[in-house]
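Peer 1: One file is attached below, run.txt, containing compact mmCIF, C-alpha atoms and all ligand atoms.
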```txt
# COMPACT_ATOMS: atom_id res chain seq x y z
CA MET A 214 160.05 164.91 78.30
CA THR A 215 156.44 163.75 77.90
CA PHE A 216 155.20 160.77 79.88
CA VAL A 217 153.53 158.19 77.64
CA PRO A 218 151.19 155.97 79.70
CA PRO A 219 151.40 152.24 78.95
CA ASP A 220 148.77 151.02 76.50
CA PHE A 221 147.14 148.48 78.82
CA PRO A 222 143.98 148.01 76.71
CA ARG A 223 146.29 146.59 74.04
CA ILE A 224 146.74 143.59 76.36
CA ALA A 225 143.01 142.88 76.29
CA ARG A 226 142.85 143.28 72.52
CA ARG A 227 145.70 140.84 72.06
CA LEU A 228 144.20 138.23 74.40
CA ARG A 229 140.79 138.63 72.75
CA ARG A 230 142.38 137.85 69.37
CA GLY A 231 143.86 134.64 70.79
CA GLY A 232 147.35 136.01 71.35
CA LEU A 233 149.50 135.87 74.46
CA VAL A 234 151.28 138.54 76.45
CA ALA A 235 154.55 138.12 78.33
CA ASP A 236 154.03 138.01 82.08
CA ARG A 237 156.60 140.76 82.54
CA VAL A 238 154.53 143.03 80.29
CA PHE A 239 151.19 142.06 81.84
CA ASP A 240 152.46 142.55 85.37
CA GLU A 241 153.22 146.21 84.67
CA VAL A 242 149.55 146.86 85.28
CA PHE A 243 150.12 146.08 88.95
CA PRO A 244 151.88 148.33 91.45
CA LEU A 245 155.56 147.46 91.92
CA ALA A 246 155.00 145.74 95.27
CA ALA A 247 152.47 143.38 93.69
CA ARG A 248 154.77 142.36 90.83
CA GLY A 249 157.39 140.74 93.06
CA PRO A 250 155.19 137.81 94.14
CA SER A 251 153.98 137.18 90.59
CA ARG A 252 156.21 134.23 89.72
CA VAL A 253 155.12 132.37 92.82
CA TYR A 254 151.61 133.59 93.51
CA TRP A 255 149.89 134.77 90.32
CA THR A 256 148.87 132.53 87.42
CA PRO A 257 151.07 132.98 84.32
CA VAL A 258 149.18 134.49 81.39
CA GLU A 259 149.57 131.38 79.24
CA VAL A 260 148.11 129.19 81.98
CA ALA A 261 145.27 131.61 82.64
CA VAL A 262 144.26 131.58 78.97
CA ARG A 263 144.31 127.79 78.80
CA ALA A 264 142.44 127.42 82.10
CA ALA A 265 139.81 129.93 80.98
CA LYS A 266 139.28 128.00 77.73
CA LEU A 267 138.89 124.75 79.65
CA LEU A 268 136.35 126.37 81.97
CA ALA A 269 134.27 128.35 79.51
CA ASP A 270 132.99 125.55 77.33
CA ARG A 271 129.98 127.64 76.35
CA PRO A 272 129.36 131.38 76.04
CA ASP A 273 128.08 133.27 79.06
CA SER A 274 129.40 130.78 81.59
CA THR A 275 130.03 132.19 85.05
CA ILE A 276 133.40 131.24 86.48
CA LEU A 277 134.83 131.93 89.92
CA ASP A 278 138.47 132.21 90.94
CA ILE A 279 138.78 131.11 94.56
CA GLY A 280 141.52 133.31 95.97
CA ALA A 281 141.78 135.86 93.18
CA GLY A 282 144.85 137.70 94.47
CA VAL A 283 145.55 140.78 92.34
CA GLY A 284 143.14 139.43 89.74
CA LYS A 285 145.57 138.11 87.16
CA PHE A 286 143.59 134.98 86.27
CA CYS A 287 140.27 136.85 86.28
CA ILE A 288 141.53 139.68 84.10
CA VAL A 289 143.10 137.37 81.55
CA ALA A 290 140.01 135.14 81.50
CA ALA A 291 137.67 138.10 81.09
CA ALA A 292 139.67 139.20 78.05
CA ALA A 293 140.30 135.78 76.52
CA VAL A 294 136.90 134.09 76.73
CA ASP A 295 133.31 135.14 76.48
CA CYS A 296 132.14 134.57 80.02
CA GLU A 297 131.38 136.27 83.28
CA VAL A 298 134.31 136.13 85.67
CA TRP A 299 134.17 136.51 89.43
CA GLY A 300 137.01 136.53 91.90
CA ILE A 301 136.82 136.17 95.65
CA GLU A 302 139.77 137.27 97.78
CA HIS A 303 140.26 137.60 101.52
CA ARG A 304 142.85 140.40 101.40
CA PRO A 305 141.00 143.68 100.80
CA HIS A 306 144.08 145.52 99.48
CA LEU A 307 144.50 142.87 96.75
CA VAL A 308 140.86 143.34 95.76
CA GLU A 309 141.56 147.05 95.29
CA ILE A 310 144.62 146.30 93.15
CA ALA A 311 142.62 143.80 91.09
CA ARG A 312 139.80 146.29 90.43
CA ASP A 313 142.26 148.99 89.44
CA ALA A 314 144.17 146.63 87.10
CA ALA A 315 140.96 145.41 85.44
CA SER A 316 139.84 148.94 84.84
CA LYS A 317 143.22 149.92 83.31
CA ILE A 318 143.10 146.93 80.97
CA GLY A 319 139.44 147.55 80.15
CA VAL A 320 137.79 144.31 81.25
CA LYS A 321 135.04 143.80 83.79
CA PRO A 322 135.48 140.85 86.10
CA THR A 323 133.76 141.20 89.47
CA PHE A 324 136.03 141.10 92.50
CA ARG A 325 134.61 140.53 95.93
CA HIS A 326 136.32 140.73 99.26
CA GLY A 327 135.06 137.80 101.27
CA THR A 328 135.14 134.19 102.17
CA LEU A 329 134.14 131.01 100.48
CA GLU A 330 131.38 130.22 102.91
CA GLU A 331 129.33 133.11 101.49
CA GLN A 332 129.51 131.80 97.92
CA ASP A 333 126.43 130.23 96.33
CA ALA A 334 127.88 127.29 94.37
CA THR A 335 124.76 126.84 92.27
CA LEU A 336 125.40 130.15 90.46
CA LEU A 337 128.64 128.85 88.99
CA ASP A 338 129.47 127.00 85.78
CA GLY A 339 133.18 126.90 86.46
CA ILE A 340 135.62 127.19 89.33
CA TYR A 341 139.33 127.97 89.14
CA MET A 342 141.90 127.40 91.86
CA PHE A 343 145.61 128.05 91.91
CA ASN A 344 146.55 126.35 95.15
CA PRO A 345 144.95 129.14 97.17
CA PHE A 346 145.43 127.80 100.69
CA ALA A 347 149.00 126.46 100.60
CA GLU A 348 150.26 129.77 101.94
CA ASN A 349 148.82 128.74 105.31
CA LEU A 350 151.54 126.13 105.52
CA CYS A 351 154.43 128.27 104.32
CA THR A 352 157.13 129.74 106.46
CA VAL A 353 156.59 133.38 107.42
CA ALA A 354 159.25 134.43 104.88
CA ASP A 355 157.37 132.77 102.02
CA ARG A 356 153.97 134.31 102.82
CA LEU A 357 152.50 137.08 100.73
CA ASP A 358 152.14 139.26 103.82
CA GLY A 359 150.94 139.14 107.39
CA THR A 360 147.61 140.89 106.95
CA VAL A 361 145.39 137.81 107.25
CA GLU A 362 145.24 134.85 109.58
CA LEU A 363 147.40 132.01 108.25
CA SER A 364 147.68 128.71 110.08
CA GLU A 365 147.28 125.00 109.58
CA ALA A 366 143.86 125.23 111.25
CA LYS A 367 142.84 127.90 108.72
CA PHE A 368 144.15 125.71 105.91
CA TRP A 369 141.89 122.81 106.91
CA LYS A 370 138.94 125.15 107.45
CA ASP A 371 139.36 126.48 103.90
CA ILE A 372 139.82 123.00 102.46
CA HIS A 373 136.59 121.86 104.11
CA ALA A 374 134.75 124.95 102.86
CA THR A 375 136.05 124.32 99.32
CA GLU A 376 135.09 120.67 99.33
CA ASP A 377 131.68 121.69 100.61
CA LEU A 378 131.33 124.31 97.87
CA LEU A 379 132.32 121.75 95.24
CA SER A 380 129.79 119.27 96.63
CA ARG A 381 127.02 121.86 96.38
CA ALA A 382 127.88 122.80 92.76
CA ARG A 383 125.53 121.83 89.96
CA VAL A 384 126.04 118.78 87.79
CA GLY A 385 128.08 119.97 84.79
CA THR A 386 130.23 122.35 86.84
CA ARG A 387 133.80 122.48 85.53
CA VAL A 388 136.70 122.86 87.91
CA VAL A 389 140.20 123.74 86.77
CA ILE A 390 142.98 123.30 89.28
CA TYR A 391 146.46 124.68 88.71
CA CYS A 392 149.11 123.09 90.92
CA GLY A 393 146.58 121.34 93.15
CA PHE A 394 144.43 122.75 95.94
CA GLY A 395 145.33 120.44 98.81
CA GLY A 396 141.95 118.75 99.21
CA ASN A 397 140.06 115.89 97.63
CA MET A 398 137.59 116.29 94.81
CA PRO A 399 134.20 115.23 96.19
CA GLU A 400 132.56 112.15 94.77
CA GLY A 401 130.56 112.80 91.63
CA TYR A 402 133.50 114.53 89.89
CA GLY A 403 135.58 112.96 87.17
CA LEU A 404 139.01 113.96 85.95
CA VAL A 405 138.56 114.86 82.29
CA ALA A 406 141.97 116.22 81.40
CA ARG A 407 145.38 116.66 82.91
CA GLU A 408 147.83 118.80 81.02
CA ARG A 409 151.18 120.34 81.53
CA CYS A 410 151.06 124.06 80.99
CA ALA A 411 153.87 125.66 83.00
CA GLY A 412 152.77 123.22 85.67
CA SER A 413 150.00 120.75 86.25
CA LEU A 414 146.57 121.80 85.05
CA GLU A 415 143.59 119.56 85.75
CA LEU A 416 140.02 119.77 84.50
CA TRP A 417 137.39 118.06 86.60
CA VAL A 418 133.70 117.93 85.70
CA LYS A 419 130.85 117.13 88.03
CA HIS A 420 129.02 114.36 86.24
CA THR A 421 126.48 113.28 88.80
CA GLU A 422 125.04 114.02 92.21
CA ALA A 423 125.11 110.32 92.95
CA PRO A 424 128.71 109.42 93.73
CA GLU A 425 130.56 107.06 91.53
CA ARG A 426 133.99 105.88 92.43
CA GLY A 427 136.57 106.08 89.69
CA GLU A 428 140.26 105.60 89.67
CA VAL A 429 142.34 108.57 88.64
CA ARG A 430 145.62 107.35 87.32
CA GLU A 431 148.84 109.29 87.35
CA SER A 432 150.10 110.11 83.88
CA GLY A 433 153.66 110.85 84.68
CA ILE A 434 153.04 114.29 86.15
CA ARG A 435 156.22 115.17 87.90
CA PRO A 436 156.11 117.67 90.73
CA ALA A 437 158.74 120.15 89.68
CA ALA A 438 159.82 123.65 90.31
CA SER A 439 157.21 126.31 90.54
CA SER A 440 155.16 128.49 92.51
CA LEU A 441 153.19 127.07 95.34
CA HIS A 442 152.56 123.46 94.73
CA TRP A 443 151.29 120.35 96.33
CA GLN A 444 153.36 117.23 96.38
CA VAL A 445 150.21 115.23 95.66
CA THR A 446 148.14 116.45 92.74
CA SER A 447 146.39 113.23 91.86
CA ARG A 448 143.44 112.17 93.94
CA THR A 449 140.77 109.56 93.70
CA PRO A 450 137.37 110.91 94.71
CA GLY A 451 136.79 109.86 98.30
CA ALA A 452 140.43 108.88 98.85
CA PRO A 453 142.16 109.74 102.12
CA ARG A 454 143.60 113.21 102.32
CA PRO A 455 147.19 113.79 101.42
CA ARG A 456 149.30 114.98 104.33
CA ALA A 457 149.48 118.74 104.34
CA ARG A 458 152.77 119.87 102.86
CA CYS A 459 153.63 123.08 101.22
CA SER A 460 156.52 123.85 99.00
CA THR A 461 157.51 127.09 97.41
CA SER A 462 160.14 127.96 94.92
CA ARG A 463 161.31 131.24 93.56
CA ARG A 464 162.11 129.61 90.22
CA PRO A 465 159.68 129.86 87.35
CA ALA A 466 158.55 126.57 85.94
CA ASP A 467 155.96 124.09 86.82
CA CYS A 468 154.44 122.14 89.62
C1 LIG B 501 148.28 131.45 94.87
S1 LIG B 501 147.36 132.97 94.93
C2 LIG B 501 146.43 132.86 93.41
C3 LIG B 501 145.95 134.20 92.93
C4 LIG B 501 145.10 134.16 91.66
N1 LIG B 501 144.07 133.16 91.73
C5 LIG B 501 145.93 133.89 90.45
O1 LIG B 501 145.90 132.76 90.01
O2 LIG B 501 146.63 134.78 89.96
C6 LIG B 501 146.14 132.56 96.17
C7 LIG B 501 145.30 133.71 96.64
O3 LIG B 501 144.25 133.18 97.43
C8 LIG B 501 143.96 134.07 98.49
N2 LIG B 501 143.29 133.30 99.52
C9 LIG B 501 143.82 132.36 100.31
N3 LIG B 501 142.90 131.85 101.15
C10 LIG B 501 141.73 132.50 100.86
C11 LIG B 501 140.40 132.42 101.38
N4 LIG B 501 140.09 131.57 102.36
N5 LIG B 501 139.45 133.21 100.88
C12 LIG B 501 139.77 134.09 99.88
N6 LIG B 501 141.00 134.23 99.36
C13 LIG B 501 141.98 133.43 99.84
C14 LIG B 501 145.32 134.63 98.86
O4 LIG B 501 145.22 135.86 99.54
C15 LIG B 501 146.00 134.76 97.51
O5 LIG B 501 145.79 136.02 96.98
```
Once you've parsed the file, please lay out its structure as structure tokens.

Peer 2:
Amino acid sequence: MTFVPPDFPRIARRLRRGGLVADRVFDEVFPLAARGPSRVYWTPVEVAVRAAKLLADRPDSTILDIGAGVGKFCIVAAAAVDCEVWGIEHRPHLVEIARDAASKIGVKPTFRHGTLEEQDATLLDGIYMFNPFAENLCTVADRLDGTVELSEAKFWKDIHATEDLLSRARVGTRVVIYCGFGGNMPEGYGLVARERCAGSLELWVKHTEAPERGEVRESGIRPAASSLHWQVTSRTPGAPRPRARCSTSRRPADC
């Protein structure tokens, strides 16, 4: 019997033409052990395509996924929109998986092993986050693995670093948040869109360096089943922090 390798580049061709790919099919590009966490930890293809379109409002934008995992968002975005995609991830073995998957699919996002503090915010046009730090607050059983430090102290350190990064970003920077990120958007950002796409997807745009307070009103977003999600996804710039709470679910759906 001859072994026929999966046609992974077909995935990129389909996404480039505006089509979608089932998550089960896409996830075959990852090693078996990395497919298990997909429903909870990796962005669904449909969401990644929508998020990428919200972020890349003009060609040649540079977008960064904070906490890139095995690269699912970055790979889908690199195929679906015409922009440069970077991913930063603190688990080196996930960076290796992401690079391997991107090369099999035939797209060229850049994955870097590292921390947020090293990132120059002024190089970015867009930032994507899928609740990257909530794992710090999960029970040991719900964590991806035990290879990195996870704690409430680390959670707050990462939240501060993210808020700092967002504050240093250029006016015009677009930020798409899937299922929250646990912090507050710094002043100067406005909520431009909130959609349901297998969960809550928010687009924020930095409109000014000089802070302006604006109310962000809930539009009936209902925290529901999903992946990692925050109980509070709606924030007014400058508002007090929500209490740290993490929730995980093994069910597909939304947050
Ligand atoms: C919920 S997963 C999202 C993965 C990917 N963005 C996606 O949407 O498919 C969050 C990822 O963030 C990574 N992460 C968490 N804290 C991080 C940090 N401080 N620096 C870099 N990566 C981090 C985790 O290792 C995990 O892979």

Peer 1: Could you please determine the separation between atom CA of Gly300 of chain A and atom CA of Ala354 of chain A in Å, to one decimal place?

Peer 2: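 Taking atom CA of Gly300 of chain A and atom CA of Ala354 of chain A, their separation equals 25.8 Å.
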
Peer 1: Taking all atoms listed in the file into account, which residues are within 8 Å of ligand LIG 501 (chain B), as a ChimeraX atom specification?

Peer 2: /A:251,253-257,261,278-287,300-304,307,326-329,341-349,357,361,367-368,371,440-441

Peer 1: Around (124.8, 122.2, 84.6) in the file's frame, which residues reach within 9 Å when counting only C-alpha atoms? Return as a list of chain:residue names?

Peer 2: A:Thr335, A:Leu337, A:Asp338, A:Ala382, A:Arg383, A:Val384, A:Gly385, A:Thr386, A:Lys419

Peer 1: Name the residues in contact with Arg312 of chain A at a cut-off of 10 Å, using all atoms listed in the file, excluding same-chain residues fewer than 6 positions from it; report them as a list in words.

Peer 2: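 Returned residues: Val283, Gly284, Ile288, Val320, Lys321, Pro322, Thr323, Phe324 and Arg325 of chain A.
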
Peer 1: Check the smallest atom-to-atom distance from each of A:Leu336, A:Val353, A:Ala314, A:Met398 to Pro244 of chain A using only C-alpha atoms, then report the winner.

Peer 2: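 Looking only at the distances to Pro244 of chain A, the closest residue turns out to be A:Ala314.
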
Peer 1: Quick one: distance from atom CA of Glu376 of chain A to atom CA of Ala292 of chain A in Å, one decimal?

Peer 2: 28.6 Å

Peer 1: At a cut-off of 12 Å, using only C-alpha atoms, what residues contact Arg227 of chain A? Leave out same-chain residues fewer than 4 positions from it and give the result as a list in words.

Peer 2: Asp220, Phe221, Pro222, Arg223, Gly231, Gly232, Leu233, Val234, Ala235, Phe239, Val258, Val262, Val289, Ala292, Ala293 and Ile318 of chain A

Peer 1: Take atom CA of Ala290 of chain A and atom CA of Ala265 of chain A and report the distance between them in Å, one decimal.

Peer 2: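 Between these atoms lies a distance of 5.2 Å.
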
Peer 1: May I have the protein, DNA and RNA residues with an atom at most 7 Å from (133.3, 135.6, 78.7), counting only C-alpha atoms in the file's coordinates, returned as a list in words?

Peer 2: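 Collected hits near the coordinates: Pro272, Asp273, Ser274, Ala291, Val294, Asp295, Cys296 and Glu297 of chain A.
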
Peer 1: Point out the residue among A:Leu404, A:Leu228, A:Val242, A:Leu378 with the least atom-to-atom distance to Glu259 of chain A, counting only C-alpha atoms.

Peer 2: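 Ranking A:Leu404, A:Leu228, A:Val242, A:Leu378 by distance to Glu259 of chain A, first place goes to A:Leu228.
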
Peer 1: Rank nothing, just name the residue among A:Lys266, A:Arg226, A:His373, A:His306 nearest to Thr360 of chain A, using all atoms listed in the file.

Peer 2: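 Looking only at the distances to Thr360 of chain A, the closest residue turns out to be A:His306.
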
Peer 1: Between A:Ala374, A:Ala406, A:Ala411, A:Leu416, which residue has the minimum interatomic distance to Arg387 of chain A, considering only C-alpha atoms?

Peer 2: A:Leu416

Peer 1: Pick from A:Thr275, A:Asp270, A:Phe243, A:Thr375: nearest to Ala311 of chain A, with all atoms listed in the file counted?

Peer 2: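 Closest to Ala311 of chain A of all the choices is A:Phe243.
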
Peer 1: When you count all atoms listed in the file, which of these residues is closest to Glu309 of chain A: A:Trp369, A:Glu330, A:Ala247, A:Ile340?

Peer 2: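 Of the candidates, the smallest distance to Glu309 of chain A is held by A:Ala247.
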
Peer 1: At a cut-off of 7 Å, using all atoms listed in the file, what residues contact Gly403 of chain A? Leave out same-chain residues fewer than 6 positions from it and give the result as a PyMOL selection string.

Peer 2: chain A and resi 417-420

Peer 1: Include C-alpha atoms and write out the residues we just selected as a PDB file, keeping the file's coordinate frame.

Peer 2:
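And here's result15.pdb as it stands now:
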```
ATOM      1  CA  TRP A 417     137.390 118.060  86.600  1.00  0.00           C
ATOM      2  CA  VAL A 418     133.700 117.930  85.700  1.00  0.00           C
ATOM      3  CA  LYS A 419     130.850 117.130  88.030  1.00  0.00           C
ATOM      4  CA  HIS A 420     129.020 114.360  86.240  1.00  0.00           C
TER       5      HIS A 420
END
```
